[in-house]
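First comes the structure, then the notes that go with it.
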2 protein chains.
Amino acid sequence: MKEICKLKHQAWLMIIFLFFLIPYIWSQQEDENIIKDDRINKKISWSWEVGFHEQKNMPPEKWFPAVVPGAVQLSLLEILDNPDWQFADGYKQFQWMEDVYWTYRCNFHKPSLTEGQHLFFISKGIDYRFNVFLNGNKLVEQEGMFTPVETDITSYLQENNKLIVIIFPVPKSHQRRMDRSQANHSFKPAVSYGWDWHPRLVPSGIWDQTYLEIRDPFFLKDIQYQYQLDENLKTAKIWIGGKTTDYPGTVTFTLGFKNQIVLEKEIDIINGEFSIAENLDEINLWWPCELGKQDLYEFHLYLLNAKGEKTDYHTWKSGFRKIRLVENRGAEVPGTLFPKTRNNPPFTLEINNIRIFAKGTNWVNPEIFPGIITTGRYKELLDLAKGMHFNLLRVWGGGIINKDAFFELCDEMGIMVWQEFPLSCNNYPDDPVYLEVLKQEATSIVKRLHNHPSLAIWSGGNELFNSWSGMTDQSLPLRWLNAICLENSPEIPFIPTSPVMGVGHGHYIFYDKNTDEDVFQIMNRSHHTALTEFGMPSPSDPEIIKKIIPGVELFPPTPTDAWKAHHAYGAWIGNTWLCPDILEKYFGKAESLEEMVQQGQMLQSIGYKAIYESARQQWPYCSMALNWCFNEPWPTAANNSIIQYPAQPKPCYEAIKQACRPALASASIPKFSWEKNEDLKIGLFIINGTQDKLPPGKMEVSINGNLAKTWEYPEVPVNRNLPGPVVLFPLTETTGKWIKIELKVRGQEELNSEYLLLLK
Amino acid sequence: MKEICKLKHQAWLMIIFLFFLIPYIWSQQEDENIIKDDRINKKISWSWEVGFHEQKNMPPEKWFPAVVPGAVQLSLLEILDNPDWQFADGYKQFQWMEDVYWTYRCNFHKPSLTEGQHLFFISKGIDYRFNVFLNGNKLVEQEGMFTPVETDITSYLQENNKLIVIIFPVPKSHQRRMDRSQANHSFKPAVSYGWDWHPRLVPSGIWDQTYLEIRDPFFLKDIQYQYQLDENLKTAKIWIGGKTTDYPGTVTFTLGFKNQIVLEKEIDIINGEFSIAENLDEINLWWPCELGKQDLYEFHLYLLNAKGEKTDYHTWKSGFRKIRLVENRGAEVPGTLFPKTRNNPPFTLEINNIRIFAKGTNWVNPEIFPGIITTGRYKELLDLAKGMHFNLLRVWGGGIINKDAFFELCDEMGIMVWQEFPLSCNNYPDDPVYLEVLKQEATSIVKRLHNHPSLAIWSGGNELFNSWSGMTDQSLPLRWLNAICLENSPEIPFIPTSPVMGVGHGHYIFYDKNTDEDVFQIMNRSHHTALTEFGMPSPSDPEIIKKIIPGVELFPPTPTDAWKAHHAYGAWIGNTWLCPDILEKYFGKAESLEEMVQQGQMLQSIGYKAIYESARQQWPYCSMALNWCFNEPWPTAANNSIIQYPAQPKPCYEAIKQACRPALASASIPKFSWEKNEDLKIGLFIINGTQDKLPPGKMEVSINGNLAKTWEYPEVPVNRNLPGPVVLFPLTETTGKWIKIELKVRGQEELNSEYLLLLK
């Protein structure tokens, strides 16, 4: 490893730092990336400018300093009426910006290039349709924000150069409604067009690292890496292929693991191509957190020209793991006589041959403007997710594909990623123009990400087979996504969308007046192979609300523009997400904002705990519980999120953390609200989600401090639930407004659980 | 068109008939094909020989004249104990032939080739794994019977030539059980390994047209054709691409329709490639039978070398149609509260923008040995299918992919084809070796067939997502089949298997004692988007049974080897397919074979009529009814087939024909067997499956000759059902053993229907 590090900094790299030129060190190198990010932000922001114009070929009347990477909108904060656009309905000020053109410009001197060197313009992401010009020559025309630009500009260079990036108006398939349906002919994340927790605010512009790079003309291209494990997961068959811009030459491959070189190989380049096929024995597997280590290997390719000079370098980290979706226990559709239909699709994650219950959440874009997401923000949020014992994030298809740093952190932290493509709640067409963009963008995404061991599932998008979307198994966009994932990433499962048959989405409120059911009741009749979305709203902390709602409107809340803009009213159905009627039903009218927030956050905590535990009690038929949603991209007044913008946990964080412990004592509870003349009836469980047996034990159940039951239970097998007796307790003996249920396990206090129910 | 015909016979074709050399005229030319077939059969059978050997490199001890195309087994009939192998359990004599090698040989003199001409060895199908040698040189190694061989043998020619084809033992993934599971690692049709209506008899050998061909060195390759219709289905955008072995040169394209040339184009060949993109206005659509005409266009490509000489020719017929699978009305999974799951997959065929109810059947291989299927047999069987008003054949995945003549006839007759790949009731693996064969074979199949307008659905195979198979949506073979169909045939729907969710398979008997339900009762509780398999067994005609069962065993039937070999006993569950217990339940013990056959064939007729009509009554939620099965590959003693081997209809033929009329009066009947103290209760329908309105009318319902109800109904809209009143009739007033229900429509007698139920 030391040797490898040394090499990185040697002169042969031939990359020099110049003005705003920064080296192109491959994105998979996490440490370098962070440094590079900072440099881009500092240096390029000095030199880019941006302006808007109505007509494509008309230059901007005024130029503003540009934030790169960032968004055109953020560069124009100074012309807003209220630069604190997150306050009240201030986001509406951005609306006109959707329909104009934007031009970025920067001037640079020609760098000194040695004989044969080339200068490349590189951008990892420009949002959404754009042209790139150098000195009046059009170099790039592209639709799609996820395909990097990498174009040789050497032959267009002058002494003083003018680089122009023209961004087209945001894509809209129609003008009939200002909503997500406008995104249904583009590969642009639909969430920006407005969602029940996201304002209508459509970012545009250069959103990922963008720079110039000097290259030796002899460099590496189209690197592909795949591996296959033997049945015992002991040996990996590694295959690496790639191309070079020229030949002859050689490629040196080294594989490093924990500061040791475990494999080293020199290969000749034949007709500009090379291929490495090696077996690696005694491999160390990558595991999700709580199941094992997150062992990562370092792959290094060095390119040497005919003279033996190193002219290029490519490195990435990856891990070895086998990931599958297998049929849930009992996947046969129950009770079907002839005519028989098919089994439910598989929805249990099996990692390295072990079936697991996936505990997790739906991850949404952590900023409205993806250009300003930092590695630090990713880290903060992922630490919080891991803190709740989550092992799976569904990166929801309404949002963006995250930057490399997100996946690198997930690899290191052992958090699995279910990655959806940006299709959501629309009927994306079989139209050839759309399909071409989809194929280009999806191929770029899959090639960029598929080597991350954290990547567990590809999905076509969100809720595409539901009536409000109208896509089907026959839709060509989904067939193409399946085919592209298969070709480039066959080792990772693909699902067309969520939910698939047997999987459930919802509910999103604590109490549904249509069915007169609370969350406990809904969960007791739910019978799903997975719950991949379920929500439980609450108001945000009072301090947050006070920053976004005008003081005079604070209490009592009413459906004003400010409250509505921040999703407290009219977001989904009824009074979501504030749900004052539900709060009042259980607690009576609140006297202050603080009391109302406390009521809502308490229901959220109780509700989320109920759902996670109920789903886990249903293991192995149910194999997944992912709440809607983890985070949020801006301050909301009320939302289903666990983490408030930017990275501030709500009280439910602790409740979910309890429910998602690897092992716990758990109660099955029929309903939330009880009357004094009823008998409380709860079922007992020991949930063992670990790969170890739990020793026998004794569980004591007390209700408001009264011992109601003692259960002596036997050893609990690996990864199994042990159902226990039912506890019957007459509520006539209780006093107060609450029923507190405590499950205590002598000598294993880490299993203890408690629940709070309402007594009327 | 006259001009085109003339060209075909001109000298420039440069193809000469020599000894057993016959011209390679492209397979899509139906007329020519039939002639060629005959010639091959006559001429090549004189010159091929075949023999078997235990070791691969050991020559056969004895040579037999070979049937080509045919099967090695059929060439060896003379060494069987009983050459009438269809009698009793005579098919078992073939068993040892599975595990030996077979060598075909033929000798030929070098044909006279002019300067630059090449000689090709061409075979459209060799079953299953084989090598081809010429004069000791190995030219071909292949696994897979559906990928044609086309290999240039010029450089290996001597004055006297010895051509050898070595066939490997039939593929078996294991020796544990002699059943279909042995086929689970190969692309060989699983039916040959034994099914409940097919003996264990695995064919081997050269099974499709095989010949030598003299070619000009400048010829056409890799011809691709696709088209896209505009929204109004008025204009077709035609795209044809291809390669040539050399350049320069030109390609002339003419498009003919009904003896007129409607498009003509000359294109230069650029770097050995050419591409034609044309719009054709005012197109004539291809329709399935009963919905419109089967208009076909003739595509001709002529290749001209630099001197303007025609050196190759390619022609095919195709039609223009748009085919989709769309969501059934009411496809949302009924009654789901939150958590919500997805809609049922689409299963209504929409042809040229019109939703239709698909009436049809499951087509199985019409011979055990596919090599001897003739165009004449296809025609006979397809005429019978069309005679029952069938518009869709599911070509079941246990069997073969049919020869070109089958699809050409379906194109002409307007019968749509649901084509499954040969995967059936097994768990085909993700194994890379299997996947390579699958990709090769599937690509060959899709490229050969996708231009047939009759092709309506691609399917991965049969019952792969059921518990007895164990494949899932994640299985790589099915993901690859989807991808290969998408790439080569994106205009045709793909389903991974049947049944998909919502679709039903079964039942396969008239009465199920487990649930105490008869077919009427089963159908009344069935709620499926499609019924793509349902069976109703009957004994075969006595004359057939007498040819295959020893005389002493004929009556009463008992489960002897002969009856079992012919599927009367132990075929599926219980006493299938003879079902003597069910016959006795309704009719008492039969006194003779003839009586038993008559009883069984009557139940079959009543059962099939009940199912087809009940499914049609459920339109539009239910959109398809395909019985199991249409035909059979050898004489059976009992089977679910409508057509007995080789092409002899059972009495149910007429009953199904009645049930599948485009429009009819129909009754919904709760059960088959009634008692005198009950009230008969039937629902009335007018089913209108036509694209015309039906005029108002008057339906008279009589029960055993007594007028029970008159229903005056209004106009019936296009392609809609009109439900009518319920008829209540006290059975105390009837006499005899039968209840005969007659529905008569005054002045529209073609709508009349009648039903026979049992009175106890």
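Letters for chains follow the order of the structure tokens (A, B, ...), residue numbers begin at 1 for each chain, and ligand numbers begin at 1 in the order shown.
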Please report as a tab-separated table every residue of chain A lying within 6 Å of chain B, along with the nearest atom pair and their distance in Å (one decimal), using only C-alpha atoms.
```
residue	atom	partner	partner_atom	distance
A:Phe338	CA	B:His507	CA	5.1
A:Pro339	CA	B:Gly506	CA	4.3
A:Lys340	CA	B:Gly504	CA	5.0
A:Thr341	CA	B:Gly504	CA	4.9
A:Arg342	CA	B:Asn466	CA	5.2
A:Asn343	CA	B:Asn466	CA	5.6
A:Phe465	CA	B:Arg342	CA	5.5
A:Asn466	CA	B:Arg342	CA	5.2
A:Ala483	CA	B:Ala483	CA	4.9
A:Pro499	CA	B:Thr341	CA	5.6
A:Val500	CA	B:Arg342	CA	5.8
A:Met501	CA	B:Arg342	CA	5.7
A:Val503	CA	B:Thr341	CA	5.7
A:Gly504	CA	B:Pro339	CA	4.7
A:His505	CA	B:Pro339	CA	4.8
A:Gly506	CA	B:Pro339	CA	4.3
A:His507	CA	B:Phe338	CA	5.1
```
Contacts of Thr151 (chain A) at 12 Å (only C-alpha atoms; same-chain gap of 2+ positions) as a list of chain:residue names: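 Surrounding residues, per the criterion: A:His118, A:Leu119, A:Phe120, A:Phe121, A:Ile122, A:Ser123, A:Lys124, A:Val132, A:Phe133, A:Leu134, A:Lys138, A:Leu139, A:Val140, A:Glu141, A:Pro148, A:Val149, A:Ile153, A:Thr154, A:Ser155, A:Tyr156, A:Thr210, A:Tyr211, A:Leu212, A:Glu213, A:Ile214, A:Arg215.
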Gap from CA of Glu675 (chain B) to CA of Leu759 (chain B) - Å, one decimal: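 Straight-line distance from CA of Glu675 (chain B) to CA of Leu759 (chain B) works out to 5.7 Å.
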Contacts of Ser641 (chain B) at 10 Å (only C-alpha atoms; same-chain gap of 2+ positions) as a list in words: Trp197, Thr361, Asn362, Trp363, Val364, Gly535, Met536, Pro537, Ser538, Pro539, Ser540, Gln604, Asn627, Trp628, Cys629, Phe630, Asn631, Glu632, Thr636, Ala638, Asn639, Ile643, Gln644, Tyr645, Pro649, Lys650, Cys652 and Tyr653 of chain B
I need the residues from that last selection saved to file as a PDB file, in the first residue's frame (with N, CA and C atoms), if you can.
```pdb
ATOM      1  N   TRP B 197     -48.766 -36.203 -21.431  1.00  0.00           N
ATOM      2  CA  TRP B 197     -49.442 -36.509 -22.704  1.00  0.00           C
ATOM      3  C   TRP B 197     -48.411 -36.826 -23.782  1.00  0.00           C
ATOM      4  N   THR B 361     -56.076 -21.553 -28.091  1.00  0.00           N
ATOM      5  CA  THR B 361     -55.700 -22.874 -27.593  1.00  0.00           C
ATOM      6  C   THR B 361     -54.200 -22.947 -27.412  1.00  0.00           C
ATOM      7  N   ASN B 362     -53.775 -23.993 -26.737  1.00  0.00           N
ATOM      8  CA  ASN B 362     -52.355 -24.288 -26.587  1.00  0.00           C
ATOM      9  C   ASN B 362     -51.936 -25.295 -27.644  1.00  0.00           C
ATOM     10  N   TRP B 363     -51.052 -24.851 -28.483  1.00  0.00           N
ATOM     11  CA  TRP B 363     -50.532 -25.681 -29.578  1.00  0.00           C
ATOM     12  C   TRP B 363     -49.308 -26.421 -29.055  1.00  0.00           C
ATOM     13  N   VAL B 364     -49.282 -27.733 -29.248  1.00  0.00           N
ATOM     14  CA  VAL B 364     -48.081 -28.491 -28.887  1.00  0.00           C
ATOM     15  C   VAL B 364     -47.447 -29.060 -30.145  1.00  0.00           C
ATOM     16  N   GLY B 535     -58.075 -27.459 -19.025  1.00  0.00           N
ATOM     17  CA  GLY B 535     -58.204 -28.718 -19.748  1.00  0.00           C
ATOM     18  C   GLY B 535     -59.492 -29.430 -19.441  1.00  0.00           C
ATOM     19  N   MET B 536     -59.799 -30.376 -20.256  1.00  0.00           N
ATOM     20  CA  MET B 536     -60.999 -31.176 -20.099  1.00  0.00           C
ATOM     21  C   MET B 536     -60.697 -32.471 -20.844  1.00  0.00           C
ATOM     22  N   PRO B 537     -60.415 -33.537 -20.100  1.00  0.00           N
ATOM     23  CA  PRO B 537     -59.941 -34.745 -20.783  1.00  0.00           C
ATOM     24  C   PRO B 537     -61.073 -35.559 -21.376  1.00  0.00           C
ATOM     25  N   SER B 538     -60.713 -36.392 -22.317  1.00  0.00           N
ATOM     26  CA  SER B 538     -61.650 -37.403 -22.814  1.00  0.00           C
ATOM     27  C   SER B 538     -60.837 -38.546 -23.380  1.00  0.00           C
ATOM     28  N   PRO B 539     -61.446 -39.736 -23.455  1.00  0.00           N
ATOM     29  CA  PRO B 539     -60.795 -40.821 -24.186  1.00  0.00           C
ATOM     30  C   PRO B 539     -60.762 -40.479 -25.672  1.00  0.00           C
ATOM     31  N   SER B 540     -59.827 -41.080 -26.371  1.00  0.00           N
ATOM     32  CA  SER B 540     -59.799 -40.938 -27.833  1.00  0.00           C
ATOM     33  C   SER B 540     -60.867 -41.836 -28.444  1.00  0.00           C
ATOM     34  N   GLN B 604     -66.329 -33.852 -22.009  1.00  0.00           N
ATOM     35  CA  GLN B 604     -65.338 -32.921 -22.556  1.00  0.00           C
ATOM     36  C   GLN B 604     -66.019 -31.794 -23.322  1.00  0.00           C
ATOM     37  N   ASN B 627     -57.591 -23.174 -24.295  1.00  0.00           N
ATOM     38  CA  ASN B 627     -57.688 -24.476 -23.615  1.00  0.00           C
ATOM     39  C   ASN B 627     -56.365 -25.227 -23.674  1.00  0.00           C
ATOM     40  N   TRP B 628     -56.191 -26.151 -22.756  1.00  0.00           N
ATOM     41  CA  TRP B 628     -55.099 -27.115 -22.804  1.00  0.00           C
ATOM     42  C   TRP B 628     -55.664 -28.440 -23.265  1.00  0.00           C
ATOM     43  N   CYS B 629     -55.349 -28.955 -24.397  1.00  0.00           N
ATOM     44  CA  CYS B 629     -54.497 -28.426 -25.432  1.00  0.00           C
ATOM     45  C   CYS B 629     -55.202 -28.685 -26.759  1.00  0.00           C
ATOM     46  N   PHE B 630     -54.663 -28.167 -27.817  1.00  0.00           N
ATOM     47  CA  PHE B 630     -55.289 -28.279 -29.130  1.00  0.00           C
ATOM     48  C   PHE B 630     -55.068 -29.670 -29.714  1.00  0.00           C
ATOM     49  N   ASN B 631     -53.811 -30.003 -29.927  1.00  0.00           N
ATOM     50  CA  ASN B 631     -53.458 -31.201 -30.689  1.00  0.00           C
ATOM     51  C   ASN B 631     -52.625 -32.135 -29.820  1.00  0.00           C
ATOM     52  N   GLU B 632     -52.065 -33.177 -30.434  1.00  0.00           N
ATOM     53  CA  GLU B 632     -51.197 -34.094 -29.710  1.00  0.00           C
ATOM     54  C   GLU B 632     -50.227 -34.720 -30.694  1.00  0.00           C
ATOM     55  N   THR B 636     -53.084 -40.967 -28.418  1.00  0.00           N
ATOM     56  CA  THR B 636     -53.237 -41.157 -26.978  1.00  0.00           C
ATOM     57  C   THR B 636     -54.500 -41.972 -26.721  1.00  0.00           C
ATOM     58  N   ALA B 638     -56.208 -41.287 -23.838  1.00  0.00           N
ATOM     59  CA  ALA B 638     -57.036 -40.214 -23.288  1.00  0.00           C
ATOM     60  C   ALA B 638     -56.156 -38.975 -23.160  1.00  0.00           C
ATOM     61  N   ASN B 639     -56.772 -37.825 -23.368  1.00  0.00           N
ATOM     62  CA  ASN B 639     -55.986 -36.584 -23.338  1.00  0.00           C
ATOM     63  C   ASN B 639     -56.954 -35.402 -23.338  1.00  0.00           C
ATOM     64  N   ILE B 643     -58.026 -32.086 -30.873  1.00  0.00           N
ATOM     65  CA  ILE B 643     -57.721 -32.771 -32.128  1.00  0.00           C
ATOM     66  C   ILE B 643     -56.855 -33.985 -31.812  1.00  0.00           C
ATOM     67  N   GLN B 644     -57.326 -35.152 -32.234  1.00  0.00           N
ATOM     68  CA  GLN B 644     -56.556 -36.377 -32.032  1.00  0.00           C
ATOM     69  C   GLN B 644     -55.483 -36.490 -33.101  1.00  0.00           C
ATOM     70  N   TYR B 645     -54.394 -37.176 -32.720  1.00  0.00           N
ATOM     71  CA  TYR B 645     -53.304 -37.379 -33.667  1.00  0.00           C
ATOM     72  C   TYR B 645     -53.791 -38.159 -34.878  1.00  0.00           C
ATOM     73  N   PRO B 649     -60.595 -34.373 -35.374  1.00  0.00           N
ATOM     74  CA  PRO B 649     -61.293 -33.682 -34.271  1.00  0.00           C
ATOM     75  C   PRO B 649     -62.115 -34.640 -33.402  1.00  0.00           C
ATOM     76  N   LYS B 650     -62.176 -34.338 -32.118  1.00  0.00           N
ATOM     77  CA  LYS B 650     -63.104 -35.011 -31.211  1.00  0.00           C
ATOM     78  C   LYS B 650     -64.461 -34.288 -31.278  1.00  0.00           C
ATOM     79  N   CYS B 652     -65.904 -32.562 -29.141  1.00  0.00           N
ATOM     80  CA  CYS B 652     -65.876 -31.232 -28.510  1.00  0.00           C
ATOM     81  C   CYS B 652     -65.569 -30.138 -29.519  1.00  0.00           C
ATOM     82  N   TYR B 653     -65.008 -30.518 -30.660  1.00  0.00           N
ATOM     83  CA  TYR B 653     -64.705 -29.530 -31.699  1.00  0.00           C
ATOM     84  C   TYR B 653     -65.936 -28.681 -32.007  1.00  0.00           C
TER      85      TYR B 653
END
```
All strand (DSSP E or B) residues (DSSP, backbone) inside region 194-291 of chain A, as a ChimeraX atom specification: /A:195,198,205-206,210-215,220-229,236-244,249-257,260-268,270,273-280,285-286
Polymer residues at most 10 Å from region 367-379 of chain B, only C-alpha atoms, same-chain spacing of 6 or more positions, as a ChimeraX atom specification: /B:30,33-34,37-38,41,67-74,125-127,191-192,198-209,385,399-410,413,631-634,645-647
Resulting file, chosen residues, C-alpha atoms, as a CSV table (one decimal), in the first residue's frame:
```csv
chain,number,residue,atom,x,y,z
B,30,GLU,CA,-43.5,-19.8,-49.0
B,33,ASN,CA,-40.2,-23.5,-49.8
B,34,ILE,CA,-42.7,-26.2,-50.3
B,37,ASP,CA,-38.9,-29.3,-49.0
B,38,ASP,CA,-40.0,-32.1,-51.3
B,41,ASN,CA,-36.7,-35.2,-48.8
B,67,VAL,CA,-34.1,-39.7,-43.2
B,68,VAL,CA,-33.0,-36.0,-43.6
B,69,PRO,CA,-34.6,-34.0,-42.3
B,70,GLY,CA,-35.9,-36.4,-39.7
B,71,ALA,CA,-34.5,-38.1,-36.6
B,72,VAL,CA,-31.8,-40.7,-36.0
B,73,GLN,CA,-34.5,-42.8,-34.3
B,74,LEU,CA,-36.7,-43.0,-37.4
B,125,GLY,CA,-31.6,-27.2,-37.7
B,126,ILE,CA,-29.5,-30.0,-36.2
B,127,ASP,CA,-30.6,-31.4,-32.9
B,191,VAL,CA,-41.5,-32.3,-23.5
B,192,SER,CA,-39.3,-35.0,-25.0
B,198,HIS,CA,-46.0,-37.2,-24.3
B,199,PRO,CA,-43.9,-40.3,-23.9
B,200,ARG,CA,-40.3,-40.2,-22.8
B,201,LEU,CA,-38.8,-40.1,-26.3
B,202,VAL,CA,-36.0,-37.7,-27.1
B,203,PRO,CA,-35.4,-37.1,-30.8
B,204,SER,CA,-32.0,-36.4,-32.2
B,205,GLY,CA,-30.5,-35.6,-35.5
B,206,ILE,CA,-30.8,-33.3,-38.5
B,207,TRP,CA,-34.4,-32.0,-38.2
B,208,ASP,CA,-34.7,-29.2,-40.8
B,209,GLN,CA,-33.7,-28.4,-44.3
B,385,ALA,CA,-58.1,-24.1,-35.4
B,399,GLY,CA,-42.2,-27.9,-27.3
B,400,ILE,CA,-40.2,-26.8,-30.3
B,401,ILE,CA,-40.1,-23.6,-32.2
B,402,ASN,CA,-42.0,-24.4,-35.4
B,403,LYS,CA,-40.7,-24.3,-38.9
B,404,ASP,CA,-41.1,-21.3,-41.1
B,405,ALA,CA,-44.2,-22.8,-42.9
B,406,PHE,CA,-46.2,-22.6,-39.6
B,407,PHE,CA,-45.7,-18.9,-39.3
B,408,GLU,CA,-46.3,-18.2,-43.0
B,409,LEU,CA,-49.6,-20.0,-42.8
B,410,CYS,CA,-50.6,-18.1,-39.6
B,413,MET,CA,-54.8,-17.2,-42.1
B,631,ASN,CA,-53.5,-31.2,-30.7
B,632,GLU,CA,-51.2,-34.1,-29.7
B,633,PRO,CA,-48.0,-35.6,-31.1
B,634,TRP,CA,-49.0,-39.2,-31.1
B,645,TYR,CA,-53.3,-37.4,-33.7
B,646,PRO,CA,-52.6,-36.7,-36.4
B,647,ALA,CA,-55.5,-34.3,-37.3
```
Lys237 (chain A) surroundings by only C-alpha atoms, 9 Å radius, close-in-sequence under 5 positions cut, as a PyMOL selection string: chain A and resi 226-230+277-281
Using only all heavy atoms, please write the residues we just selected to a file, as a short mmCIF file (atom, residue, chain, number, x, y, z; two decimals), in the first residue's frame.
```cif
data_model
loop_
_atom_site.label_atom_id
_atom_site.label_comp_id
_atom_site.auth_asym_id
_atom_site.auth_seq_id
_atom_site.Cartn_x
_atom_site.Cartn_y
_atom_site.Cartn_z
N GLN A 226 -15.75 -6.98 -13.58
CA GLN A 226 -16.79 -7.87 -13.06
C GLN A 226 -16.12 -9.00 -12.30
O GLN A 226 -14.94 -9.28 -12.52
CB GLN A 226 -17.62 -8.47 -14.20
CG GLN A 226 -18.43 -7.41 -14.95
CD GLN A 226 -19.63 -7.98 -15.67
OE1 GLN A 226 -19.75 -9.17 -15.86
NE2 GLN A 226 -20.54 -7.10 -16.06
N TYR A 227 -16.88 -9.61 -11.43
CA TYR A 227 -16.34 -10.78 -10.74
C TYR A 227 -17.45 -11.78 -10.52
O TYR A 227 -18.64 -11.43 -10.58
CB TYR A 227 -15.70 -10.40 -9.40
CG TYR A 227 -16.68 -9.91 -8.37
CD1 TYR A 227 -17.30 -10.80 -7.48
CD2 TYR A 227 -17.01 -8.56 -8.26
CE1 TYR A 227 -18.20 -10.36 -6.53
CE2 TYR A 227 -17.91 -8.11 -7.32
CZ TYR A 227 -18.51 -9.01 -6.46
OH TYR A 227 -19.41 -8.56 -5.53
N GLN A 228 -17.02 -12.99 -10.26
CA GLN A 228 -18.00 -14.03 -9.94
C GLN A 228 -17.43 -14.86 -8.80
O GLN A 228 -16.24 -15.20 -8.80
CB GLN A 228 -18.20 -14.91 -11.18
CG GLN A 228 -19.54 -15.59 -11.16
CD GLN A 228 -19.75 -16.47 -12.38
OE1 GLN A 228 -18.86 -16.66 -13.20
NE2 GLN A 228 -20.94 -17.02 -12.47
N LEU A 229 -18.26 -15.14 -7.81
CA LEU A 229 -17.82 -15.90 -6.66
C LEU A 229 -18.16 -17.37 -6.85
O LEU A 229 -19.16 -17.70 -7.49
CB LEU A 229 -18.50 -15.38 -5.39
CG LEU A 229 -18.24 -13.90 -5.06
CD1 LEU A 229 -18.94 -13.53 -3.77
CD2 LEU A 229 -16.75 -13.64 -4.94
N ASP A 230 -17.36 -18.25 -6.29
CA ASP A 230 -17.72 -19.65 -6.31
C ASP A 230 -18.84 -19.90 -5.29
O ASP A 230 -19.21 -19.00 -4.54
CB ASP A 230 -16.50 -20.54 -6.03
CG ASP A 230 -16.05 -20.43 -4.58
OD1 ASP A 230 -16.32 -19.38 -3.94
OD2 ASP A 230 -15.44 -21.37 -4.07
N ALA A 277 -7.86 -11.72 -16.45
CA ALA A 277 -8.76 -12.70 -15.82
C ALA A 277 -7.94 -13.44 -14.78
O ALA A 277 -6.96 -14.10 -15.12
CB ALA A 277 -9.31 -13.66 -16.86
N GLU A 278 -8.30 -13.30 -13.54
CA GLU A 278 -7.52 -13.91 -12.45
C GLU A 278 -8.46 -14.51 -11.42
O GLU A 278 -9.57 -14.01 -11.20
CB GLU A 278 -6.66 -12.83 -11.76
CG GLU A 278 -5.52 -12.29 -12.60
CD GLU A 278 -4.43 -13.32 -12.82
OE1 GLU A 278 -4.12 -14.09 -11.88
OE2 GLU A 278 -3.91 -13.37 -13.95
N ASN A 279 -8.00 -15.53 -10.77
CA ASN A 279 -8.73 -16.08 -9.62
C ASN A 279 -8.07 -15.59 -8.34
O ASN A 279 -6.85 -15.61 -8.22
CB ASN A 279 -8.68 -17.61 -9.63
CG ASN A 279 -9.71 -18.18 -10.58
OD1 ASN A 279 -10.75 -17.55 -10.83
ND2 ASN A 279 -9.44 -19.33 -11.13
N LEU A 280 -8.89 -15.16 -7.42
CA LEU A 280 -8.37 -14.73 -6.12
C LEU A 280 -8.97 -15.65 -5.07
O LEU A 280 -10.19 -15.72 -4.91
CB LEU A 280 -8.78 -13.27 -5.88
CG LEU A 280 -8.22 -12.64 -4.61
CD1 LEU A 280 -6.72 -12.45 -4.72
CD2 LEU A 280 -8.89 -11.29 -4.34
N ASP A 281 -8.10 -16.36 -4.35
CA ASP A 281 -8.57 -17.30 -3.34
C ASP A 281 -8.66 -16.62 -1.98
O ASP A 281 -8.11 -15.54 -1.78
CB ASP A 281 -7.61 -18.49 -3.26
CG ASP A 281 -7.61 -19.27 -4.56
OD1 ASP A 281 -8.68 -19.36 -5.18
OD2 ASP A 281 -6.53 -19.74 -4.96
#
```
DSSP helix (DSSP H, G or I) residues within region 180-287 of chain A, listed as a ChimeraX atom specification: /A:180-183,190-193
Distance query region 580-593 of chain B at most 10 Å, only C-alpha atoms, self and fewer than 5 positions along chain excluded, as an NGL selection string: :B and (509-513 or 538-539 or 541-542 or 545-546 or 554-558 or 568-569 or 574-575 or 598-600 or 602-603 or 672-673 or 737 or 758-760)
